[in-house]
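**Student:** Let me begin by handing over the structure; questions about it come next.
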Protein chains: 2
Amino acid sequence: MSASPAVPHTTDLDPAVAVRLKRDANGLVPAIAQQYDTGEVLMMGWMDDEALHRTLTTGRCTYWSRSRSEYWVKGDTSGHVQVVKSVAVDCDGDTLLVKVDQHGAACHTGDRTCFDAGQLPVTTA
Amino acid sequence: MSASPAVPHTTDLDPAVAVRLKRDANGLVPAIAQQYDTGEVLMMGWMDDEALHRTLTTGRCTYWSRSRSEYWVKGDTSGHVQVVKSVAVDCDGDTLLVKVDQHGAACHTGDRTCFDAGQLPVTTA
């Protein structure tokens with residue numbers, strides 16, 4: 001389902017970080033983007049080692065686009081950049097949490113978050 | 001990497017909800033659990049259609065355990081239950097955001113969240 005790089009990318013990711021990651025079959029780890037001050041969950045994207053390296057060192061959240069098979073610096077097209085505040089990996093090494101300052105809408109629909117329009121019916125809440 | 005159900009499970013998930021989901025090759029969708037009032041991102045798990053159905057209708061967050069290949073009602077063993085407050089699907093249909101009231105620690109290590117011990121070095125923040 002996911003497009004993977006035809007050739008594994010070379011990366012300058014710190015080996016001490018790389019060893020903590022558990023990647024999926026396509027070499028990717030899901031990355032949750034959260035607004036650092038309000039706590040809003042904005043979106044989820046995917047990172048390979050090099051996308052994580054760029055996120056950790058450029059100040060701009062960078063994903064691997066599975067549909068376009070290319071790196072995607074969030075906001076390069078829309079102007080809706082994500083300025084990186086902190087990054088954490090979870091206890092299993094298979095999920096990233098990136099706290100960002102989101103400029104404008106995170107969602108391509110224009111919504112603030114990708115979850116704004118997606119409420120599902122909970123029958124026991 | 002992910003164990004998938006040997007046989008697709010039957011499910012009572014509302015077809016109007018099911019049609020909105022884009023599942024991975026194993027029939028799963030990542031589900032982000034967030035503390036409903038503080039906004040803390042607690043953990044990420046995986047749901048198939050039936051796990052989502054149970055989450056939407058039982059009041060208890062239920063995942064598909066990829067390592068054990070079974071349904072996993074969060075807190076059944078640890079007592080650290082997640083009471084479901086709301087569930088949303090993202091714009092692409094491939095990620096769920098479950099707002100919960102987490103009792104005790106979300107992480108099996110005893111940490112409040114699975115990301116507490118995982119800070120990575122950001123060099124430009």
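To be explicit about the labels: the chains of the structure tokens are called A, B, and onward in the order shown, and within each one the residues are counted from 1, while ligands get numbers from 1 in the order they are shown.
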For a quick test of understanding: name the residues of chain B lying within 7 Å of chain A when counting only C-alpha atoms, and present them as a list of chain:residue names.
**Tutor:** B:Met1, B:Asp24, B:Ala25, B:Gly39, B:Glu40, B:Leu56, B:Thr57, B:Thr58, B:Gly59, B:Val84, B:Lys85, B:Ser86, B:Val87, B:Ala88, B:Val89, B:Asp90, B:Cys91, B:Cys114, B:Phe115, B:Gly118, B:Gln119, B:Leu120, B:Pro121, B:Val122, B:Thr123, B:Thr124, B:Ala125
**Student:** Keeping only C-alpha atoms, write the selected residues as a short mmCIF file (atom, residue, chain, number, x, y, z; two decimals), in the first residue's frame.
**Tutor:**
data_model
loop_
_atom_site.label_atom_id
_atom_site.label_comp_id
_atom_site.auth_asym_id
_atom_site.auth_seq_id
_atom_site.Cartn_x
_atom_site.Cartn_y
_atom_site.Cartn_z
CA MET B 1 6.35 -7.01 10.36
CA ASP B 24 -3.07 -0.87 5.63
CA ALA B 25 -2.17 -4.20 4.03
CA GLY B 39 -4.15 17.09 25.47
CA GLU B 40 -1.28 14.72 26.30
CA LEU B 56 -17.11 3.15 19.62
CA THR B 57 -19.67 1.06 21.48
CA THR B 58 -18.19 -0.25 24.76
CA GLY B 59 -16.67 2.92 26.19
CA VAL B 84 -13.47 6.69 25.45
CA LYS B 85 -14.64 10.28 25.14
CA SER B 86 -14.61 10.81 21.36
CA VAL B 87 -13.25 9.27 18.18
CA ALA B 88 -12.39 10.99 14.91
CA VAL B 89 -10.99 9.79 11.60
CA ASP B 90 -8.64 12.01 9.63
CA CYS B 91 -9.18 13.61 6.21
CA CYS B 114 4.80 6.22 25.91
CA PHE B 115 6.81 9.27 24.80
CA GLY B 118 12.06 9.29 24.39
CA GLN B 119 13.24 12.86 23.80
CA LEU B 120 15.51 13.16 20.76
CA PRO B 121 18.07 15.93 20.26
CA VAL B 122 16.73 18.85 18.18
CA THR B 123 19.56 21.09 17.09
CA THR B 124 17.67 24.12 15.81
CA ALA B 125 14.74 24.54 18.20
#
**Student:** Identify, on the basis of only C-alpha atoms, every residue whose closest approach to Gly104 in chain B does not exceed 8 Å; exclude the query and any residue fewer than 3 positions from it along the same chain; express the result as a list in words.
**Tutor:** His80, Val81 and Arg112 of chain B
**Student:** Expressed in Å to a single decimal, how great is the separation between CA of Val73 in chain B and CA of Ala51 in chain B?
**Tutor:** 8.9 Å
**Student:** Chain A: which residues are strand (DSSP E or B) by DSSP, as a short mmCIF file (atom, residue, chain, number, x, y, z; two decimals) with all heavy atoms, in the first residue's frame?
**Tutor:**
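Result file states.cif:
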data_model
loop_
_atom_site.label_atom_id
_atom_site.label_comp_id
_atom_site.auth_asym_id
_atom_site.auth_seq_id
_atom_site.Cartn_x
_atom_site.Cartn_y
_atom_site.Cartn_z
N VAL A 29 8.36 5.19 9.81
CA VAL A 29 7.80 5.27 11.16
C VAL A 29 6.71 6.34 11.14
O VAL A 29 6.93 7.42 10.59
CB VAL A 29 8.91 5.63 12.18
CG1 VAL A 29 8.34 5.82 13.57
CG2 VAL A 29 10.00 4.58 12.18
N PRO A 30 5.54 6.07 11.74
CA PRO A 30 4.52 7.12 11.80
C PRO A 30 4.95 8.24 12.73
O PRO A 30 5.56 8.00 13.77
CB PRO A 30 3.27 6.40 12.33
CG PRO A 30 3.78 5.14 12.96
CD PRO A 30 5.09 4.80 12.32
N ALA A 31 4.63 9.47 12.33
CA ALA A 31 4.99 10.65 13.11
C ALA A 31 3.73 11.48 13.37
O ALA A 31 3.09 11.95 12.43
CB ALA A 31 6.03 11.49 12.37
N ILE A 32 3.41 11.64 14.64
CA ILE A 32 2.26 12.43 15.05
C ILE A 32 2.72 13.87 15.23
O ILE A 32 3.68 14.12 15.95
CB ILE A 32 1.70 11.91 16.39
CG1 ILE A 32 1.32 10.44 16.30
CG2 ILE A 32 0.54 12.78 16.88
CD1 ILE A 32 1.17 9.75 17.66
N ALA A 33 2.04 14.80 14.58
CA ALA A 33 2.35 16.22 14.75
C ALA A 33 1.33 16.85 15.70
O ALA A 33 0.13 16.75 15.48
CB ALA A 33 2.34 16.95 13.41
N GLN A 34 1.86 17.48 16.75
CA GLN A 34 1.00 18.08 17.79
C GLN A 34 1.40 19.55 17.96
O GLN A 34 2.59 19.87 18.05
CB GLN A 34 1.21 17.33 19.11
CG GLN A 34 0.35 17.87 20.25
CD GLN A 34 0.58 17.13 21.56
OE1 GLN A 34 1.69 16.67 21.84
NE2 GLN A 34 -0.45 17.00 22.37
N GLN A 35 0.40 20.42 18.04
CA GLN A 35 0.67 21.83 18.34
C GLN A 35 1.26 21.92 19.74
O GLN A 35 0.66 21.44 20.70
CB GLN A 35 -0.61 22.65 18.22
CG GLN A 35 -0.47 24.11 18.60
CD GLN A 35 0.44 24.91 17.67
OE1 GLN A 35 0.60 24.59 16.48
NE2 GLN A 35 1.07 25.95 18.22
N VAL A 41 -3.80 17.66 18.34
CA VAL A 41 -3.18 16.72 17.40
C VAL A 41 -3.54 17.19 16.00
O VAL A 41 -4.73 17.25 15.65
CB VAL A 41 -3.64 15.27 17.65
CG1 VAL A 41 -3.09 14.35 16.57
CG2 VAL A 41 -3.18 14.80 19.02
N LEU A 42 -2.54 17.51 15.22
CA LEU A 42 -2.75 18.17 13.93
C LEU A 42 -2.91 17.19 12.78
O LEU A 42 -3.80 17.34 11.95
CB LEU A 42 -1.56 19.10 13.64
CG LEU A 42 -1.35 20.23 14.65
CD1 LEU A 42 0.05 20.83 14.49
CD2 LEU A 42 -2.43 21.29 14.51
N MET A 43 -2.06 16.19 12.74
CA MET A 43 -2.02 15.27 11.61
C MET A 43 -1.07 14.12 11.94
O MET A 43 -0.37 14.16 12.94
CB MET A 43 -1.51 15.97 10.34
CG MET A 43 -0.13 16.60 10.52
SD MET A 43 0.56 17.28 8.99
CE MET A 43 1.15 15.77 8.18
N MET A 44 -1.06 13.11 11.09
CA MET A 44 -0.03 12.09 11.17
C MET A 44 0.62 11.92 9.81
O MET A 44 -0.07 11.90 8.78
CB MET A 44 -0.58 10.75 11.65
CG MET A 44 0.52 9.88 12.24
SD MET A 44 -0.02 8.24 12.65
CE MET A 44 -0.02 7.50 11.03
N GLY A 45 1.94 11.85 9.79
CA GLY A 45 2.66 11.60 8.56
C GLY A 45 3.64 10.47 8.79
O GLY A 45 3.59 9.78 9.82
N TRP A 46 4.54 10.25 7.83
CA TRP A 46 5.49 9.15 7.92
C TRP A 46 6.89 9.67 7.68
O TRP A 46 7.09 10.57 6.85
CB TRP A 46 5.13 8.06 6.89
CG TRP A 46 3.81 7.43 7.18
CD1 TRP A 46 2.57 7.94 6.86
CD2 TRP A 46 3.57 6.21 7.87
NE1 TRP A 46 1.58 7.09 7.32
CE2 TRP A 46 2.17 6.02 7.94
CE3 TRP A 46 4.41 5.24 8.42
CZ2 TRP A 46 1.59 4.91 8.55
CZ3 TRP A 46 3.84 4.13 9.04
CH2 TRP A 46 2.43 3.98 9.09
N MET A 47 7.84 9.14 8.40
CA MET A 47 9.24 9.54 8.23
C MET A 47 10.13 8.32 8.04
O MET A 47 9.93 7.30 8.71
CB MET A 47 9.74 10.29 9.48
CG MET A 47 9.05 11.63 9.71
SD MET A 47 9.80 12.53 11.10
CE MET A 47 8.67 13.94 11.19
N ARG A 60 12.32 22.42 10.48
CA ARG A 60 11.08 22.30 9.70
C ARG A 60 10.68 20.83 9.62
O ARG A 60 11.49 19.98 9.23
CB ARG A 60 11.28 22.85 8.28
CG ARG A 60 11.48 24.35 8.21
CD ARG A 60 10.16 25.11 8.26
NE ARG A 60 9.29 24.70 7.16
CZ ARG A 60 9.41 25.16 5.90
NH1 ARG A 60 10.33 26.03 5.60
NH2 ARG A 60 8.59 24.74 4.95
N THR A 62 9.61 17.49 8.33
CA THR A 62 9.80 16.91 7.00
C THR A 62 9.33 15.46 7.03
O THR A 62 9.76 14.69 7.89
CB THR A 62 11.28 16.97 6.60
OG1 THR A 62 11.72 18.34 6.67
CG2 THR A 62 11.49 16.45 5.19
N TYR A 63 8.45 15.12 6.11
CA TYR A 63 7.89 13.77 6.03
C TYR A 63 8.36 13.08 4.75
O TYR A 63 8.87 13.72 3.84
CB TYR A 63 6.35 13.84 6.01
CG TYR A 63 5.76 14.53 7.22
CD1 TYR A 63 5.41 15.89 7.18
CD2 TYR A 63 5.54 13.83 8.40
CE1 TYR A 63 4.86 16.52 8.29
CE2 TYR A 63 4.98 14.46 9.51
CZ TYR A 63 4.65 15.80 9.45
OH TYR A 63 4.11 16.42 10.55
N TRP A 64 8.11 11.77 4.71
CA TRP A 64 8.21 11.02 3.46
C TRP A 64 6.80 10.87 2.92
O TRP A 64 5.92 10.31 3.59
CB TRP A 64 8.84 9.64 3.68
CG TRP A 64 8.87 8.83 2.41
CD1 TRP A 64 8.02 7.82 2.08
CD2 TRP A 64 9.75 9.01 1.30
NE1 TRP A 64 8.34 7.35 0.82
CE2 TRP A 64 9.40 8.05 0.33
CE3 TRP A 64 10.82 9.88 1.04
CZ2 TRP A 64 10.07 7.95 -0.90
CZ3 TRP A 64 11.48 9.77 -0.19
CH2 TRP A 64 11.11 8.82 -1.13
N SER A 65 6.56 11.40 1.72
CA SER A 65 5.25 11.27 1.11
C SER A 65 5.12 9.90 0.45
O SER A 65 5.83 9.61 -0.53
CB SER A 65 5.02 12.36 0.06
OG SER A 65 3.85 12.05 -0.69
N GLU A 70 8.42 11.02 -2.24
CA GLU A 70 9.45 12.06 -2.14
C GLU A 70 9.39 12.71 -0.77
O GLU A 70 8.37 12.58 -0.07
CB GLU A 70 9.26 13.12 -3.23
CG GLU A 70 7.93 13.88 -3.12
CD GLU A 70 7.72 14.89 -4.25
OE1 GLU A 70 8.40 14.80 -5.28
OE2 GLU A 70 6.84 15.76 -4.09
N TYR A 71 10.46 13.40 -0.41
CA TYR A 71 10.44 14.14 0.84
C TYR A 71 9.49 15.31 0.70
O TYR A 71 9.32 15.87 -0.39
CB TYR A 71 11.85 14.60 1.23
CG TYR A 71 12.71 13.42 1.60
CD1 TYR A 71 13.70 12.96 0.75
CD2 TYR A 71 12.49 12.74 2.79
CE1 TYR A 71 14.45 11.85 1.07
CE2 TYR A 71 13.25 11.62 3.12
CZ TYR A 71 14.22 11.18 2.25
OH TYR A 71 14.94 10.08 2.57
N TRP A 72 8.88 15.65 1.82
CA TRP A 72 7.83 16.65 1.83
C TRP A 72 8.06 17.54 3.05
O TRP A 72 7.83 17.12 4.18
CB TRP A 72 6.48 15.90 1.91
CG TRP A 72 5.30 16.72 2.25
CD1 TRP A 72 4.98 17.98 1.80
CD2 TRP A 72 4.22 16.34 3.12
NE1 TRP A 72 3.79 18.38 2.35
CE2 TRP A 72 3.31 17.40 3.15
CE3 TRP A 72 3.94 15.20 3.87
CZ2 TRP A 72 2.13 17.35 3.91
CZ3 TRP A 72 2.79 15.16 4.62
CH2 TRP A 72 1.89 16.22 4.63
N VAL A 73 8.57 18.74 2.77
CA VAL A 73 8.75 19.72 3.84
C VAL A 73 7.41 20.41 4.03
O VAL A 73 6.97 21.18 3.17
CB VAL A 73 9.86 20.74 3.50
CG1 VAL A 73 10.03 21.72 4.66
CG2 VAL A 73 11.17 20.03 3.20
N GLN A 82 5.44 23.82 9.65
CA GLN A 82 5.49 23.32 11.02
C GLN A 82 6.91 23.55 11.55
O GLN A 82 7.86 22.89 11.13
CB GLN A 82 5.15 21.83 11.06
CG GLN A 82 3.71 21.54 10.64
CD GLN A 82 3.36 20.06 10.63
OE1 GLN A 82 4.23 19.21 10.46
NE2 GLN A 82 2.08 19.76 10.79
N VAL A 83 7.02 24.50 12.48
CA VAL A 83 8.31 24.78 13.11
C VAL A 83 8.50 23.79 14.25
O VAL A 83 7.65 23.70 15.15
CB VAL A 83 8.36 26.23 13.62
CG1 VAL A 83 9.68 26.50 14.35
CG2 VAL A 83 8.14 27.21 12.48
N VAL A 84 9.58 23.04 14.20
CA VAL A 84 9.80 21.95 15.15
C VAL A 84 10.21 22.48 16.52
O VAL A 84 11.15 23.29 16.63
CB VAL A 84 10.90 21.00 14.61
CG1 VAL A 84 11.19 19.89 15.62
CG2 VAL A 84 10.46 20.41 13.28
N LYS A 85 9.52 22.03 17.55
CA LYS A 85 9.85 22.40 18.93
C LYS A 85 10.54 21.26 19.67
O LYS A 85 11.47 21.48 20.43
CB LYS A 85 8.57 22.81 19.67
CG LYS A 85 7.89 24.05 19.11
CD LYS A 85 8.71 25.29 19.41
CE LYS A 85 7.95 26.55 19.02
NZ LYS A 85 8.73 27.78 19.37
N SER A 86 10.03 20.03 19.49
CA SER A 86 10.66 18.88 20.14
C SER A 86 10.23 17.62 19.41
O SER A 86 9.21 17.60 18.71
CB SER A 86 10.25 18.79 21.62
OG SER A 86 8.88 18.52 21.75
N VAL A 87 11.02 16.57 19.57
CA VAL A 87 10.72 15.28 18.95
C VAL A 87 10.98 14.19 19.98
O VAL A 87 12.01 14.23 20.67
CB VAL A 87 11.59 15.03 17.70
CG1 VAL A 87 11.20 13.71 17.03
CG2 VAL A 87 11.49 16.19 16.70
N ALA A 88 10.06 13.25 20.08
CA ALA A 88 10.26 12.11 20.98
C ALA A 88 9.88 10.83 20.27
O ALA A 88 9.00 10.82 19.39
CB ALA A 88 9.41 12.28 22.25
N VAL A 89 10.55 9.76 20.63
CA VAL A 89 10.22 8.43 20.12
C VAL A 89 9.56 7.66 21.25
O VAL A 89 9.86 7.88 22.43
CB VAL A 89 11.50 7.72 19.60
CG1 VAL A 89 12.51 7.50 20.71
CG2 VAL A 89 11.16 6.40 18.92
N LEU A 96 6.76 8.30 16.38
CA LEU A 96 7.37 9.58 16.74
C LEU A 96 6.28 10.59 17.11
O LEU A 96 5.19 10.56 16.53
CB LEU A 96 8.18 10.13 15.57
CG LEU A 96 9.40 9.29 15.14
CD1 LEU A 96 9.88 9.71 13.76
CD2 LEU A 96 10.52 9.41 16.17
N LEU A 97 6.61 11.45 18.08
CA LEU A 97 5.72 12.56 18.43
C LEU A 97 6.51 13.84 18.22
O LEU A 97 7.53 14.06 18.88
CB LEU A 97 5.26 12.45 19.89
CG LEU A 97 4.41 13.60 20.41
CD1 LEU A 97 3.10 13.73 19.63
CD2 LEU A 97 4.11 13.43 21.91
N VAL A 98 6.04 14.65 17.28
CA VAL A 98 6.74 15.89 16.95
C VAL A 98 5.87 17.05 17.41
O VAL A 98 4.74 17.21 16.94
CB VAL A 98 6.99 16.00 15.43
CG1 VAL A 98 7.83 17.23 15.13
CG2 VAL A 98 7.67 14.74 14.91
N LYS A 99 6.38 17.83 18.36
CA LYS A 99 5.67 19.03 18.79
C LYS A 99 6.14 20.18 17.92
O LYS A 99 7.35 20.39 17.74
CB LYS A 99 5.89 19.30 20.27
CG LYS A 99 5.31 18.17 21.13
CD LYS A 99 5.21 18.54 22.60
CE LYS A 99 4.64 17.35 23.39
NZ LYS A 99 4.47 17.67 24.82
N VAL A 100 5.17 20.89 17.35
CA VAL A 100 5.46 21.92 16.34
C VAL A 100 4.68 23.18 16.63
O VAL A 100 3.71 23.17 17.41
CB VAL A 100 5.07 21.41 14.92
CG1 VAL A 100 5.82 20.13 14.57
CG2 VAL A 100 3.56 21.23 14.79
N ASP A 101 5.12 24.26 15.99
CA ASP A 101 4.27 25.44 15.91
C ASP A 101 3.73 25.48 14.49
O ASP A 101 4.46 25.78 13.54
CB ASP A 101 5.07 26.70 16.26
CG ASP A 101 4.16 27.90 16.44
OD1 ASP A 101 2.92 27.71 16.51
OD2 ASP A 101 4.67 29.03 16.50
N GLN A 102 2.45 25.14 14.36
CA GLN A 102 1.80 25.05 13.05
C GLN A 102 1.36 26.44 12.61
O GLN A 102 0.58 27.09 13.30
CB GLN A 102 0.59 24.12 13.15
CG GLN A 102 -0.32 24.11 11.93
CD GLN A 102 0.32 23.38 10.76
OE1 GLN A 102 0.74 22.24 10.90
NE2 GLN A 102 0.40 24.04 9.62
N GLN A 119 -15.50 13.42 13.07
CA GLN A 119 -16.08 12.81 14.29
C GLN A 119 -16.90 11.57 13.93
O GLN A 119 -17.69 11.57 13.01
CB GLN A 119 -16.99 13.81 15.02
CG GLN A 119 -16.21 14.90 15.76
CD GLN A 119 -15.26 14.38 16.82
OE1 GLN A 119 -15.62 13.49 17.60
NE2 GLN A 119 -14.03 14.89 16.84
N LEU A 120 -16.69 10.52 14.70
CA LEU A 120 -17.44 9.26 14.55
C LEU A 120 -18.39 9.13 15.73
O LEU A 120 -18.12 9.64 16.83
CB LEU A 120 -16.49 8.07 14.50
CG LEU A 120 -15.49 8.07 13.33
CD1 LEU A 120 -14.60 6.84 13.40
CD2 LEU A 120 -16.20 8.15 11.99
#
**Student:** Measure the distance from CA of Asp48 in chain A to CA of Pro15 in chain A in Å and round it to one decimal.
**Tutor:**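 For CA of Asp48 in chain A relative to CA of Pro15 in chain A, the distance reads 13.5 Å.
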